[in-house]
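Source file coords_2.pdb; content: PDB, C-alpha atoms.
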MODEL        1
ATOM      1  CA  MET K1019      52.765 122.900  80.728
ATOM      2  CA  THR K1020      54.863 120.583  82.891
ATOM      3  CA  GLN K1021      57.436 120.267  80.115
ATOM      4  CA  LEU K1022      57.794 124.046  79.977
ATOM      5  CA  ILE K1023      58.693 124.077  83.659
ATOM      6  CA  LEU K1024      61.003 121.032  83.597
ATOM      7  CA  THR K1025      63.081 122.210  80.647
ATOM      8  CA  PRO K1026      64.454 125.345  82.361
ATOM      9  CA  ALA K1027      65.001 123.329  85.538
ATOM     10  CA  SER K1028      66.956 120.806  83.513
ATOM     11  CA  TYR K1029      69.176 123.558  82.078
ATOM     12  CA  LEU K1030      69.722 124.981  85.538
ATOM     13  CA  GLN K1031      70.581 121.558  86.913
ATOM     14  CA  SER K1032      73.068 120.984  84.067
ATOM     15  CA  ALA K1033      74.697 124.338  84.715
ATOM     16  CA  ILE K1034      75.004 123.574  88.433
ATOM     17  CA  PHE K1035      76.580 120.193  87.710
ATOM     18  CA  GLU K1036      79.051 121.809  85.298
ATOM     19  CA  VAL K1037      80.058 124.358  87.939
ATOM     20  CA  LEU K1038      80.475 121.603  90.538
ATOM     21  CA  ASP K1039      82.555 119.496  88.121
ATOM     22  CA  SER K1040      84.752 122.503  87.390
ATOM     23  CA  MET K1041      85.236 123.117  91.093
ATOM     24  CA  LYS K1042      86.170 119.453  91.652
ATOM     25  CA  GLU K1043      88.650 119.616  88.774
ATOM     26  CA  LEU K1044      90.237 122.776  90.150
ATOM     27  CA  ASN K1045      90.505 121.208  93.597
ATOM     28  CA  ASN K1046      92.104 118.063  92.141
ATOM     29  CA  LYS K1047      94.647 120.204  90.277
ATOM     30  CA  ARG K1048      95.349 122.154  93.465
ATOM     31  CA  LEU K1049      95.917 118.951  95.415
ATOM     32  CA  ALA K1050      98.195 117.556  92.690
ATOM     33  CA  ARG K1051     100.231 120.774  92.646
ATOM     34  CA  LYS K1052     100.517 120.689  96.450
ATOM     35  CA  ALA K1053     101.699 117.062  96.345
ATOM     36  CA  TYR K1054     104.281 117.987  93.689
ATOM     37  CA  LYS K1055     105.573 120.934  95.722
ATOM     38  CA  ASP K1056     105.729 118.906  98.944
ATOM     39  CA  THR K1057     107.600 116.048  97.262
ATOM     40  CA  TYR K1058     109.953 118.443  95.484
ATOM     41  CA  ARG K1059     110.693 120.259  98.744
ATOM     42  CA  GLN K1060     111.343 117.047 100.663
ATOM     43  CA  LEU K1061     113.641 115.618  98.009
ATOM     44  CA  SER K1062     115.485 118.925  97.605
ATOM     45  CA  ASN K1063     116.230 118.963 101.324
ATOM     46  CA  MET K1064     117.823 115.501 101.213
ATOM     47  CA  ALA K1065     121.582 115.020 101.046
ATOM     48  CA  ASP K1066     123.093 113.726  97.804
ATOM     49  CA  LYS K1067     124.036 110.478  99.558
ATOM     50  CA  ASP K1068     120.443 109.896 100.639
ATOM     51  CA  LEU K1069     119.199 110.617  97.134
ATOM     52  CA  ARG K1070     121.688 108.069  95.723
ATOM     53  CA  ASP K1071     120.442 105.537  98.278
ATOM     54  CA  ILE K1072     116.924 105.794  96.857
ATOM     55  CA  GLY K1073     118.227 105.703  93.285
ATOM     56  CA  ILE K1074     117.844 109.256  92.056
ATOM     57  CA  CYS K1075     120.166 112.168  91.457
ATOM     58  CA  ARG K1076     119.489 115.805  92.193
ATOM     59  CA  GLY K1077     118.646 116.416  88.519
ATOM     60  CA  ASP K1078     115.819 113.880  88.717
ATOM     61  CA  ILE K1079     113.957 115.599  91.547
ATOM     62  CA  ALA K1080     111.485 117.503  89.355
ATOM     63  CA  ALA K1081     110.649 114.394  87.312
ATOM     64  CA  VAL K1082     110.232 112.218  90.409
ATOM     65  CA  ALA K1083     108.034 114.843  92.060
ATOM     66  CA  ALA K1084     105.904 114.864  88.903
ATOM     67  CA  GLY K1085     105.509 111.079  89.161
ATOM     68  CA  LYS K1086     107.688 110.169  86.198
ATOM     69  CA  ASP K1087     109.850 107.035  86.121
ATOM     70  CA  VAL K1088     113.500 108.083  85.976
ATOM     71  CA  ARG K1089     115.127 104.652  86.208
ATOM     72  CA  LYS K1090     117.767 103.991  83.581
ATOM     73  CA  GLY K1091     116.658 101.897  80.655
ATOM     74  CA  THR K1092     112.987 102.888  80.868
ATOM     75  CA  HIS K1093     111.111 105.226  78.572
TER
ENDMDL
END
Output the file's structure in the form of structure tokens.
Amino acid sequence: MTQLILTPASYLQSAIFEVLDSMKELNNKRLARKAYKDTYRQLSNMADKDLRDIGICRGDIAAVAAGKDVRKGTH
């Protein structure tokens, strides 16, 4: 009898954990997108001279905001 009660509870617990994991994943994606947008905005507002000083050009802003390495000679 106990097994009959624990099995549905186990399914319910699994479903709750899946929902919580999905919510965490969505929040992590939201935070990553916010970080990208903030970085992109900050770099876009910089003068070309300031961008050159930190080693990037205006065309690299999207890649840098996405966390990619844009240095010459790297792949």
- Query: Could you name the residues that touch region 1063-1065 of chain K at 10 Å or less, counting all atoms listed in the file, but leaving out those on the same chain fewer than 6 positions away, as a ChimeraX atom specification?
  - Reply: /K:1057,1071,1076
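Separating CA of Ala1084 (chain K) from CA of Arg1059 (chain K) is a distance of 12.2 Å.
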- Task: State, in Å with one decimal place, the distance from CA of Gln1031 (chain K) to CA of Glu1043 (chain K).
- Result: 18.3 Å
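Of note, CA of Lys1086 (chain K) and CA of Ile1074 (chain K) are spaced 11.8 Å apart.
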Could you put an axis-aligned box around every listed atom of region 1050-1069 of chain K, padded by 6 Å on each side, and send me its centre and edge lengths in Å to one decimal, as lines of an AutoDock Vina configuration file?
center_x = 111.1
center_y = 115.4
center_z = 97.0
size_x = 37.8
size_y = 23.0
size_z = 20.7
- Name the residues, using the chain letters and numbers of the file, that sit within 12 Å of (105.2, 116.8, 95.5) when counting all atoms listed in the file, and give them as a PyMOL selection string. chain K and resi 1048-1062+1079-1086
- Message: From the options K:Thr1025, K:Met1041, K:Arg1089, K:Phe1035, which residue's atoms come nearest to Cys1075 (chain K), counting all atoms listed in the file?
- Response: K:Arg1089
